[in-house]
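**Student:** Here you go, this is query-v1.cif (mmCIF, C-alpha atoms).
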data_my_file
#
loop_
_atom_site.label_atom_id
_atom_site.label_comp_id
_atom_site.auth_asym_id
_atom_site.auth_seq_id
_atom_site.Cartn_x
_atom_site.Cartn_y
_atom_site.Cartn_z
CA MET A 70 19.00 0.67 -23.63
CA PRO A 71 15.56 1.77 -22.35
CA GLU A 72 12.57 -0.16 -23.58
CA VAL A 73 8.81 -0.19 -23.26
CA ARG A 74 7.24 -3.54 -22.46
CA LYS A 75 4.30 -5.09 -20.65
CA ASP A 76 3.57 -8.01 -18.41
CA PRO A 77 2.65 -11.04 -20.55
CA ILE A 78 -0.51 -11.73 -18.54
CA THR A 79 -2.02 -8.33 -19.39
CA GLY A 80 -3.96 -7.45 -22.53
CA GLY A 81 -3.09 -5.08 -25.32
CA TRP A 82 -0.02 -4.63 -27.47
CA VAL A 83 3.27 -2.81 -27.18
CA ILE A 84 4.05 -1.88 -30.77
CA ILE A 85 5.77 1.09 -32.39
CA PRO A 86 2.55 2.84 -33.55
CA SER A 87 1.01 2.71 -30.05
CA ILE A 88 4.25 3.99 -28.47
CA LYS A 89 4.32 6.90 -30.94
CA GLU A 90 0.74 7.79 -30.04
CA GLN A 91 1.54 7.76 -26.32
CA LEU A 92 4.67 9.86 -26.79
CA VAL A 93 2.77 12.75 -28.36
CA TYR A 94 -0.42 12.47 -26.30
CA GLU A 95 -1.26 15.92 -24.89
CA MET A 96 2.19 17.21 -25.81
CA GLY A 97 2.61 20.85 -26.68
CA ASP A 98 5.85 21.38 -28.56
CA PRO A 99 7.62 18.07 -29.30
CA HIS A 100 10.88 19.97 -29.96
CA GLU A 101 10.89 21.37 -26.41
CA TYR A 102 9.22 18.98 -23.98
CA ILE A 103 10.14 20.20 -20.48
CA THR A 104 10.97 17.52 -17.92
CA PRO A 105 12.58 17.89 -14.48
CA ASP A 106 15.90 16.64 -15.90
CA CYS A 107 16.12 18.26 -19.33
CA VAL A 108 14.26 19.76 -22.25
CA ALA A 109 13.71 16.80 -24.55
CA ASP A 110 13.41 16.98 -28.33
CA PHE A 111 10.93 14.21 -29.05
CA THR A 112 11.38 14.67 -32.80
CA THR A 113 14.78 12.93 -32.46
CA ILE A 114 13.56 9.80 -30.69
CA GLN A 115 14.21 6.43 -32.30
CA LEU A 116 12.05 3.33 -31.76
CA ALA A 117 12.81 -0.27 -32.68
CA ALA A 118 10.80 -3.44 -32.19
CA ASP A 119 12.65 -5.84 -29.87
CA GLY A 120 10.47 -8.93 -29.78
CA ALA A 121 6.87 -9.50 -28.77
CA ASP A 122 5.48 -6.53 -26.82
CA ARG A 123 8.88 -4.82 -26.56
CA VAL A 124 10.02 -1.58 -28.14
CA LYS A 125 13.49 -0.08 -27.63
CA VAL A 126 13.70 3.67 -27.12
CA PHE A 127 16.95 5.45 -28.03
CA GLY A 128 18.66 8.41 -29.68
CA ILE A 129 16.61 11.18 -28.11
CA LYS A 130 18.36 14.51 -27.91
CA GLY A 131 17.75 17.48 -25.72
CA ARG A 132 19.29 20.29 -23.77
CA PRO A 133 19.78 21.16 -20.10
CA ALA A 134 16.83 21.66 -17.80
CA THR A 135 15.18 25.05 -17.48
CA ASP A 136 15.59 27.13 -14.34
CA SER A 137 11.92 26.52 -13.54
CA LEU A 138 9.64 23.49 -13.66
CA LYS A 139 6.13 22.77 -14.78
CA VAL A 140 3.94 21.42 -12.00
CA SER A 141 0.75 19.38 -12.02
CA ILE A 142 -1.49 20.35 -9.13
CA SER A 143 -5.05 19.82 -8.01
CA TYR A 144 -7.40 22.65 -7.30
CA SER A 145 -7.75 22.66 -3.51
CA ALA A 146 -11.55 22.59 -3.58
CA GLY A 147 -11.78 20.33 -6.61
CA TYR A 148 -12.53 16.78 -7.52
CA LYS A 149 -9.95 14.18 -6.48
CA ALA A 150 -11.12 11.25 -8.59
CA VAL A 151 -13.07 10.98 -11.80
CA GLY A 152 -14.04 7.73 -13.49
CA THR A 153 -15.90 6.91 -16.67
CA LEU A 154 -17.60 3.69 -17.75
CA VAL A 155 -19.67 3.11 -20.89
CA TYR A 156 -22.64 0.73 -20.91
CA SER A 157 -24.29 -0.51 -24.08
CA TRP A 158 -27.73 -1.67 -25.17
CA PRO A 159 -29.74 -3.49 -23.99
CA ASP A 160 -30.58 -1.79 -20.71
CA ALA A 161 -27.71 0.70 -20.95
CA PHE A 162 -29.24 3.18 -18.49
CA ALA A 163 -30.20 0.45 -16.01
CA LYS A 164 -26.66 -0.92 -16.12
CA ALA A 165 -25.18 2.55 -15.54
CA THR A 166 -27.47 3.28 -12.58
CA ALA A 167 -26.67 -0.14 -11.09
CA ALA A 168 -22.93 0.60 -11.42
CA ASP A 169 -23.45 3.92 -9.60
CA GLN A 170 -25.21 2.13 -6.74
CA ILE A 171 -22.47 -0.53 -6.56
CA LEU A 172 -19.74 2.12 -6.44
CA ARG A 173 -21.50 4.07 -3.69
CA ALA A 174 -22.04 0.87 -1.65
CA ARG A 175 -18.35 -0.05 -1.99
CA LEU A 176 -17.23 3.42 -0.91
CA ASP A 177 -19.55 3.13 2.08
CA ARG A 178 -18.25 -0.35 3.02
CA LEU A 179 -14.68 0.94 2.80
CA GLU A 180 -15.72 3.93 4.94
CA LEU A 181 -14.45 6.34 2.31
CA ARG A 182 -16.24 9.66 2.74
CA PHE A 183 -16.37 12.46 0.21
CA ASP A 184 -17.88 15.92 0.37
CA GLN A 185 -19.70 15.25 -2.87
CA ILE A 186 -20.23 12.44 -5.33
CA LEU A 187 -21.37 13.78 -8.69
CA THR A 188 -22.97 11.24 -11.02
CA GLU A 189 -23.70 12.05 -14.65
CA TYR A 190 -25.28 9.81 -17.28
CA VAL A 191 -23.95 11.12 -20.60
CA GLY A 192 -26.36 10.22 -23.36
CA ALA A 193 -29.32 10.11 -20.98
CA ASN A 194 -29.53 13.29 -18.89
CA ALA A 195 -26.09 14.85 -18.26
CA THR A 196 -26.96 18.11 -20.00
CA HIS A 197 -30.46 18.76 -18.71
CA GLY A 198 -30.56 16.63 -15.53
CA PRO A 199 -34.08 16.02 -14.22
CA LEU A 200 -35.53 18.31 -16.92
CA ALA A 201 -34.67 15.63 -19.48
CA GLY A 202 -37.34 13.33 -18.09
CA GLU A 203 -37.00 9.56 -17.90
CA PRO A 204 -34.41 8.18 -20.33
CA SER A 205 -35.53 5.91 -23.13
CA LEU A 206 -35.29 2.20 -22.36
CA ASP A 207 -33.60 1.50 -25.69
CA LEU A 208 -30.64 3.89 -25.52
CA ALA A 209 -27.73 2.51 -27.56
CA GLU A 210 -25.23 3.51 -24.89
CA VAL A 211 -24.83 5.54 -21.72
CA GLN A 212 -21.58 6.89 -20.30
CA LEU A 213 -21.45 6.92 -16.51
CA ASP A 214 -19.21 9.66 -15.09
CA GLU A 215 -18.45 9.56 -11.35
CA CYS A 216 -16.66 12.50 -9.74
CA LEU A 217 -15.53 12.40 -6.11
CA ARG A 218 -14.90 15.66 -4.31
CA LEU A 219 -12.94 15.92 -1.09
CA CYS A 220 -12.07 19.31 0.32
CA VAL A 221 -8.98 19.42 2.49
CA LEU A 222 -8.25 22.41 4.69
CA ILE A 223 -4.61 23.41 4.92
CA ASN A 224 -3.12 25.57 7.62
CA GLU A 225 -1.88 28.39 5.36
CA SER A 226 0.40 29.90 8.01
CA ARG A 227 2.90 27.05 7.80
CA HIS A 228 3.24 27.59 4.04
CA GLN A 229 4.03 31.29 4.19
CA ASN A 230 7.62 32.47 3.93
#
Kindly return the structure encoded in the file as structure tokens.

**Tutor:**
Amino acid sequence: MPEVRKDPITGGWVIIPSIKEQLVYEMGDPHEYITPDCVADFTTIQLAADGADRVKVFGIKGRPATDSLKVSISYSAGYKAVGTLVYSWPDAFAKATAADQILRARLDRLELRFDQILTEYVGANATHGPLAGEPSLDLAEVQLDECLRLCVLINESRHQN
């Protein structure tokens, strides 16, 4: 029987409420969740605790797969990686700017090159940029958003039928 579990050396819990939350996260219609293998009816799923950090998953019903699939794709000229970190008082903005410098230095050391690195400091100046002026030194928190953009050119002729 399938189960959800975690490595004992990692943090967090595997409990029925957290599994339920993950099952419906960003789900459209739980009665008709399209997968490559079938259309699952997540309203029929059964969960049972099976010891510490283990939850059994069973009883889900569904129907045959559709004749087409949903696909997750990236926009060809878009951002390939986005990361978010939150820094708290004291010195929230200084911590966030230091983290940005550390990330950029690591990318440089690893010789990872991107067309653009977009850095935003949500809570300090993400909306107005330089027009916001210098951020206050006593901000309660600042969210650092890093976006890495890498454009890849594809020879379109090999993809045409």

**Student:** Taking all atoms listed in the file into account, which of A:His197, A:Lys75, A:Lys89, A:Lys164 comes nearest Arg123 (chain A)?

**Tutor:**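 For Arg123 (chain A), the nearest of the given residues is A:Lys75.
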
**Student:** What do you get, as a tab-separated table (two decimals) with C-alpha atoms, in the coordinates of the input, if you spell out every residue that the PyMOL selection byres ((chain A and resi 160) around 9) selects here?

**Tutor:**
chain	number	residue	atom	x	y	z
A	156	TYR	CA	-22.64	0.73	-20.91
A	157	SER	CA	-24.29	-0.51	-24.08
A	158	TRP	CA	-27.73	-1.67	-25.17
A	159	PRO	CA	-29.74	-3.49	-23.99
A	161	ALA	CA	-27.71	0.70	-20.95
A	162	PHE	CA	-29.24	3.18	-18.49
A	163	ALA	CA	-30.20	0.45	-16.01
A	164	LYS	CA	-26.66	-0.92	-16.12
A	165	ALA	CA	-25.18	2.55	-15.54
A	206	LEU	CA	-35.29	2.20	-22.36
A	207	ASP	CA	-33.60	1.50	-25.69
A	208	LEU	CA	-30.64	3.89	-25.52
A	209	ALA	CA	-27.73	2.51	-27.56
A	210	GLU	CA	-25.23	3.51	-24.89

**Student:** Which of these residues is nearest to Met70 (chain A), using all atoms listed in the file: A:Val126, A:Ala195, A:Ala150, A:Ile171?

**Tutor:**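 Ranked by minimum distance to Met70 (chain A), first place goes to A:Val126.
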
**Student:** Please determine, counting all atoms listed in the file, which residue among A:Ala117, A:Asp110, A:Thr104, A:Val151 has the shortest atom-to-atom distance to Ser137 (chain A).

**Tutor:**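 For Ser137 (chain A), the nearest of the given residues is A:Thr104.
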
**Student:** Enter the distance from CA of Cys216 (chain A) to CA of Glu189 (chain A), in Å, rounded to one decimal.

**Tutor:** 8.6 Å

**Student:** Find the residues near Gly152 (chain A): any atom within 9 Å, counting only C-alpha atoms, skip ones fewer than 3 places away on the same chain, and give them as number ranges by chain.

**Tutor:** A: 213-217

**Student:** To one decimal place, how far is CA of Phe127 (chain A) from CA of Glu72 (chain A) in Å?

**Tutor:**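 Going from CA of Phe127 (chain A) over to CA of Glu72 (chain A) covers 8.4 Å.
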
**Student:** What does the distance from CA of Val124 (chain A) to CA of His100 (chain A) come to in Å, to one decimal?

**Tutor:** 21.6 Å

**Student:** Any idea what's packed within 10 Å of Leu138 (chain A), counting all atoms listed in the file, ignoring anything in its chain fewer than 5 positions away? Could you give it as a tab-separated table (two decimals) with C-alpha atoms, keeping the file's coordinate frame?

**Tutor:**
chain	number	residue	atom	x	y	z
A	103	ILE	CA	10.14	20.20	-20.48
A	104	THR	CA	10.97	17.52	-17.92
A	105	PRO	CA	12.58	17.89	-14.48
A	106	ASP	CA	15.90	16.64	-15.90

**Student:** Which one is closest to Leu181 (chain A): A:Ile114, A:Gln91, A:Arg218, A:Asp122? Count all atoms listed in the file.

**Tutor:**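 Smallest distance to Leu181 (chain A) is found for A:Arg218.
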
**Student:** Between A:Pro133, A:Gly120, A:Gly192, A:Gly80, single out the one closest to Val108 (chain A), counting all atoms listed in the file.

**Tutor:**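 Closest residue, counting all atoms listed in the file: A:Pro133.
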
**Student:** Identify which of the residues A:Ala168, A:Ala134, A:Leu116, A:Ala174 lies closest to Ile84 (chain A), counting only C-alpha atoms when measuring atom-to-atom distances.

**Tutor:**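 Residue with the minimum atom-to-atom distance to Ile84 (chain A): A:Leu116.
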
**Student:** Report the centre and edge lengths, in Å to one decimal, of an axis-aligned box enclosing every atom of region 154-170 of chain A listed in the file, padded by 5 Å on each side, as AutoDock Vina command-line options.

**Tutor:**
--center_x -24.1 --center_y 0.2 --center_z -16.0 --size_x 23.0 --size_y 17.4 --size_z 28.4
